[in-house]
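Colleague: Below are the structure tokens for one structure; questions will follow.
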Amino acid sequence: GAFLIPYILFLIIAGMPLFYMELALGQYNREGAATVWKICPVFKGVGYAVILIALYVGFYYNVIIAWSLYYLFSSFTFELPWTNCDNSWNSPNCTDPRLFNASVLGNGTKYSKYKLTPAAEFYERGVLHLHESRGIHDLGLPRWQLSLCLLVVVIILFFSLWKGVKTSGKVVWITATLPYVVLFVLLIHGITLPGAYNGINAYLHIDFRRLKEATVWIDAATQIFYSLGAGFGVLIAFASYNKFDNNCYRDALLTSTINCVTSFISGFAIFSILGYMAHEHKVKIEDVATEGAGLVFILYPEAISTLSGSTFWAVVFFIMLLTLGIDSSMGGMEAVITGLADDFQILKQHRKLFTFGVSFGTFLLALFCITNGGIYVLTLLDTFAAGTSILFAVLMEAIGVSWFYGVDRFSEDIQQMMGFKPGLYWRLCWKFVSPAFLLFVVIVSIINFKPLTYDDYTFPLWANRIGWGIALSSMILVPAYIIYKFMNVRGTFKERLAYCITPENEHQLVAQGNVRQFKV
């Protein structure tokens, strides 16, 4: 409940305005994330940064889709494999949840952190084989079952993207609509379960004390950009294929609203199940509540296994996860492919081969995430690849458009496309509110950084340094390109500066000494 307050606030002051900005940028300039910066050449490094971030996310995001596919295949049985403790991967201490009671936990351990249930052991021992790794220094070889699942995922992505929007546009009709049907079915069934009311009540309850925690605000900000896709170059890439006079203002309002309403409604589907789990095990809601992989691959499957017709519900749930994952991954890979293909004509001329190269490259690097200790690599990438770095990239994007290209000129571009200028609210957000908010969140996220952990495992210092190296590898592209561009332009200091910040189609004016950007 407390999470909803910063989530809605950030949606209004940053999510929607920047979503609108990226759609308008891509649609007007008809370019990908890098070449769109012909409007202010010195900021082209921002485009390369978001492309690299999208590529990093592709390395591990496809692995999560591969897990979903593995679970889907495992669901085609009369008895789901995470129902009992009689399997080869189970430990001697595995506890049947039907015999479970609160006294089993002891020491104040939450049920969501109890790793000896059949569902938890199936995930960590049967799928990940985490028990065979001592840490990130001991990865082992890729698991062949997950390797096959990952290969299938990458093949699906390749054939969905190889012809550009001609194929991806058709695939999205399935991957974007099917999850809504499944979500509705799961929601209706979830709210009929015993204990569901208590779960929904816990979901809507607002604990104002949590608002004092910086992590709640940082998580809300990051989630906004993840769910809307702002900052990854995805919106710019897809908008570049729009008709020039398309109403991207309507699209921005409609899409971002539907997206966040969907997230809100899905919370009911999730917490109704958590309420049911708490009721079944006679524990508090907060003892079963968790996030991330623990929720999706342990608690939800365990809850499904207790329902009548559990095989059907498991198949439906993992089909939803699979289609959601492929839909998101397609967007990220399209951002990389369009962004670089628009910048390098040789890649555009050989798009199918380039798409194959990107797909195969992500497959090879993702193999590190499906080893015995692969979850540690995935956790490292998930934390550092698109956390502070994506917020920094969006901050620089907002500064580049609003302060260097100019809000007034950007508003004129939008008027050319749609016949009306953005309102005062949008212009204020672009120029002042969104950049100030982003700067604040970037600073707070760095100050509040804590050494990385996974459950009881604490990552070594060198792993944290590698993580920061990954984060900085994308962020450093922004200042590096500024220096590169300035050094490679001829003329006096003032002329170089003028060429760097003046749109490429107006460079002839610089030679005449007529530089619009120098005039306030």
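A note on labels: chains of the structure tokens are A, B, ... as shown, every chain counts residues from 1, and ligands are counted from 1 in their shown order.
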If you count only C-alpha atoms, which residues fall within 7 Å of Gly26 of chain A, apart from same-chain ones fewer than 6 positions away, as a ChimeraX atom specification?
Modeller: /A:32,36,236-237,239-240
Colleague: Would you put the residues from that selection into a file with N, CA and C atoms, as a short mmCIF file (atom, residue, chain, number, x, y, z; two decimals), in the first residue's frame?
Modeller:
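What follows is the written file selection-v5.cif:
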```
data_model
loop_
_atom_site.label_atom_id
_atom_site.label_comp_id
_atom_site.auth_asym_id
_atom_site.auth_seq_id
_atom_site.Cartn_x
_atom_site.Cartn_y
_atom_site.Cartn_z
N GLY A 32 16.26 5.93 -34.31
CA GLY A 32 16.42 5.13 -33.11
C GLY A 32 17.05 5.93 -31.98
N VAL A 36 18.63 9.69 -32.98
CA VAL A 36 17.63 10.72 -32.66
C VAL A 36 18.32 11.97 -32.11
N ILE A 236 11.35 5.14 -28.19
CA ILE A 236 11.88 5.90 -29.32
C ILE A 236 11.93 5.02 -30.57
N ALA A 237 12.39 3.77 -30.40
CA ALA A 237 12.51 2.85 -31.53
C ALA A 237 11.15 2.56 -32.17
N ALA A 239 8.28 4.25 -31.76
CA ALA A 239 7.62 5.47 -32.21
C ALA A 239 8.17 5.94 -33.55
N SER A 240 9.42 5.57 -33.86
CA SER A 240 10.02 6.00 -35.13
C SER A 240 9.32 5.38 -36.34
#
```
Colleague: Can you list, as a list in words, every protein, DNA or RNA residue that comes within 8 Å of Ser434 of chain A when you count only C-alpha atoms, leaving out same-chain residues fewer than 6 positions away?
Modeller: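 Close residues of Ser434 of chain A: Ile13, Ala14, Pro17, Leu18, Leu395 and Ala398 of chain A.
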Colleague: Any idea what's packed within 12 Å of Phe3 of chain A, counting only C-alpha atoms, ignoring anything in its chain fewer than 3 positions away? Could you give it as a count of residues only?
Modeller: 29
Colleague: Could you tell me how far atom CA of Trp313 of chain A lies from atom CA of Asn62 of chain A, in Å and to one decimal?
Modeller: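 Computing the Euclidean distance for atom CA of Trp313 of chain A and atom CA of Asn62 of chain A yields 23.1 Å.
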Colleague: Report as an NGL selection string all protein, DNA and RNA residues lying within 8 Å of segment 360-375 of chain A, evaluated on only C-alpha atoms, omitting residues in the same chain fewer than 6 positions from it.
Modeller: :A and (55 or 58-60 or 62-63 or 128-136 or 138-143 or 146-147 or 150-151 or 154)
Colleague: Once you have the residues from the selection above, write them out as a JSON list (two decimals), in the first residue's frame, restricted to N, CA, C and O atoms.
Modeller:
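Dumped everything to part.json:
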```
[["chain", "number", "residue", "atom", "x", "y", "z"],
["A", 55, "LEU", "N", 20.84, -3.91, -23.84],
["A", 55, "LEU", "CA", 21.57, -5.14, -24.16],
["A", 55, "LEU", "C", 21.89, -5.92, -22.90],
["A", 55, "LEU", "O", 21.72, -7.15, -22.85],
["A", 58, "GLY", "N", 18.90, -7.69, -21.68],
["A", 58, "GLY", "CA", 18.62, -8.86, -22.50],
["A", 58, "GLY", "C", 19.42, -10.09, -22.08],
["A", 58, "GLY", "O", 18.95, -11.22, -22.22],
["A", 59, "PHE", "N", 20.63, -9.88, -21.55],
["A", 59, "PHE", "CA", 21.47, -11.00, -21.12],
["A", 59, "PHE", "C", 20.79, -11.84, -20.05],
["A", 59, "PHE", "O", 20.89, -13.07, -20.06],
["A", 60, "TYR", "N", 20.13, -11.17, -19.10],
["A", 60, "TYR", "CA", 19.54, -11.94, -18.00],
["A", 60, "TYR", "C", 18.03, -12.07, -18.09],
["A", 60, "TYR", "O", 17.45, -13.01, -17.53],
["A", 62, "ASN", "N", 16.21, -12.83, -20.65],
["A", 62, "ASN", "CA", 15.86, -14.03, -21.41],
["A", 62, "ASN", "C", 15.98, -15.29, -20.56],
["A", 62, "ASN", "O", 15.30, -16.29, -20.82],
["A", 63, "VAL", "N", 16.84, -15.23, -19.55],
["A", 63, "VAL", "CA", 17.00, -16.38, -18.64],
["A", 63, "VAL", "C", 15.73, -16.58, -17.82],
["A", 63, "VAL", "O", 15.28, -17.71, -17.60],
["A", 128, "LEU", "N", 17.58, -24.45, -10.59],
["A", 128, "LEU", "CA", 18.84, -23.69, -10.56],
["A", 128, "LEU", "C", 20.05, -24.53, -10.18],
["A", 128, "LEU", "O", 21.16, -24.22, -10.58],
["A", 129, "HIS", "N", 19.85, -25.58, -9.38],
["A", 129, "HIS", "CA", 20.95, -26.38, -8.81],
["A", 129, "HIS", "C", 21.90, -25.50, -8.00],
["A", 129, "HIS", "O", 23.12, -25.64, -8.04],
["A", 130, "LEU", "N", 21.30, -24.60, -7.26],
["A", 130, "LEU", "CA", 22.06, -23.63, -6.47],
["A", 130, "LEU", "C", 22.88, -24.31, -5.38],
["A", 130, "LEU", "O", 23.95, -23.82, -5.00],
["A", 131, "HIS", "N", 22.41, -25.45, -4.90],
["A", 131, "HIS", "CA", 23.11, -26.15, -3.82],
["A", 131, "HIS", "C", 24.47, -26.69, -4.26],
["A", 131, "HIS", "O", 25.30, -27.07, -3.44],
["A", 132, "GLU", "N", 24.69, -26.74, -5.59],
["A", 132, "GLU", "CA", 25.97, -27.24, -6.12],
["A", 132, "GLU", "C", 26.99, -26.12, -6.32],
["A", 132, "GLU", "O", 28.08, -26.35, -6.82],
["A", 133, "SER", "N", 26.63, -24.89, -5.92],
["A", 133, "SER", "CA", 27.54, -23.76, -6.05],
["A", 133, "SER", "C", 27.81, -23.16, -4.67],
["A", 133, "SER", "O", 26.92, -23.05, -3.85],
["A", 134, "ARG", "N", 29.06, -22.74, -4.45],
["A", 134, "ARG", "CA", 29.43, -22.13, -3.17],
["A", 134, "ARG", "C", 29.36, -20.61, -3.22],
["A", 134, "ARG", "O", 29.54, -19.94, -2.21],
["A", 135, "GLY", "N", 29.09, -20.05, -4.40],
["A", 135, "GLY", "CA", 29.01, -18.59, -4.54],
["A", 135, "GLY", "C", 29.30, -18.17, -5.96],
["A", 135, "GLY", "O", 29.46, -19.02, -6.85],
["A", 136, "ILE", "N", 29.42, -16.87, -6.18],
["A", 136, "ILE", "CA", 29.63, -16.35, -7.53],
["A", 136, "ILE", "C", 31.00, -16.75, -8.08],
["A", 136, "ILE", "O", 31.22, -16.73, -9.29],
["A", 138, "ASP", "N", 32.08, -19.74, -7.91],
["A", 138, "ASP", "CA", 31.97, -21.17, -8.22],
["A", 138, "ASP", "C", 30.72, -21.39, -9.08],
["A", 138, "ASP", "O", 29.71, -21.91, -8.60],
["A", 139, "LEU", "N", 30.79, -21.01, -10.35],
["A", 139, "LEU", "CA", 29.60, -21.04, -11.21],
["A", 139, "LEU", "C", 29.28, -22.44, -11.73],
["A", 139, "LEU", "O", 28.12, -22.85, -11.77],
["A", 140, "GLY", "N", 30.30, -23.18, -12.17],
["A", 140, "GLY", "CA", 30.04, -24.48, -12.79],
["A", 140, "GLY", "C", 29.65, -24.31, -14.25],
["A", 140, "GLY", "O", 29.77, -23.23, -14.84],
["A", 141, "LEU", "N", 29.14, -25.38, -14.85],
["A", 141, "LEU", "CA", 28.76, -25.37, -16.26],
["A", 141, "LEU", "C", 27.27, -25.06, -16.42],
["A", 141, "LEU", "O", 26.48, -25.28, -15.50],
["A", 142, "PRO", "N", 26.87, -24.59, -17.61],
["A", 142, "PRO", "CA", 25.44, -24.34, -17.85],
["A", 142, "PRO", "C", 24.63, -25.62, -17.76],
["A", 142, "PRO", "O", 25.10, -26.69, -18.18],
["A", 143, "ARG", "N", 23.42, -25.55, -17.21],
["A", 143, "ARG", "CA", 22.52, -26.70, -17.14],
["A", 143, "ARG", "C", 21.93, -26.95, -18.52],
["A", 143, "ARG", "O", 21.41, -26.03, -19.15],
["A", 146, "LEU", "N", 18.12, -26.00, -19.04],
["A", 146, "LEU", "CA", 17.88, -24.56, -19.15],
["A", 146, "LEU", "C", 18.49, -24.00, -20.43],
["A", 146, "LEU", "O", 17.96, -23.04, -21.00],
["A", 147, "SER", "N", 19.60, -24.60, -20.88],
["A", 147, "SER", "CA", 20.23, -24.16, -22.13],
["A", 147, "SER", "C", 19.28, -24.36, -23.30],
["A", 147, "SER", "O", 19.16, -23.49, -24.18],
["A", 150, "LEU", "N", 16.50, -21.80, -23.04],
["A", 150, "LEU", "CA", 17.03, -20.49, -23.44],
["A", 150, "LEU", "C", 17.15, -20.42, -24.96],
["A", 150, "LEU", "O", 16.82, -19.38, -25.57],
["A", 151, "LEU", "N", 17.61, -21.50, -25.58],
["A", 151, "LEU", "CA", 17.74, -21.54, -27.04],
["A", 151, "LEU", "C", 16.38, -21.36, -27.71],
["A", 151, "LEU", "O", 16.26, -20.62, -28.70],
["A", 154, "VAL", "N", 15.35, -17.69, -27.45],
["A", 154, "VAL", "CA", 16.11, -16.84, -28.37],
["A", 154, "VAL", "C", 15.65, -17.04, -29.81],
["A", 154, "VAL", "O", 15.57, -16.08, -30.59]]
```
Colleague: Using only C-alpha atoms, which residue out of A:Val358, A:Val489, A:Asp455, A:Val515 lies closest to Tyr114 of chain A?
Modeller: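 Nearest to Tyr114 of chain A: A:Asp455.
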Colleague: May I ask which of the residues A:Trp37, A:Phe244, A:Phe268, A:Phe297 is the closest one to Trp67 of chain A, counting only C-alpha atoms?
Modeller: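 Among the listed residues, A:Phe297 lies closest to Trp67 of chain A.
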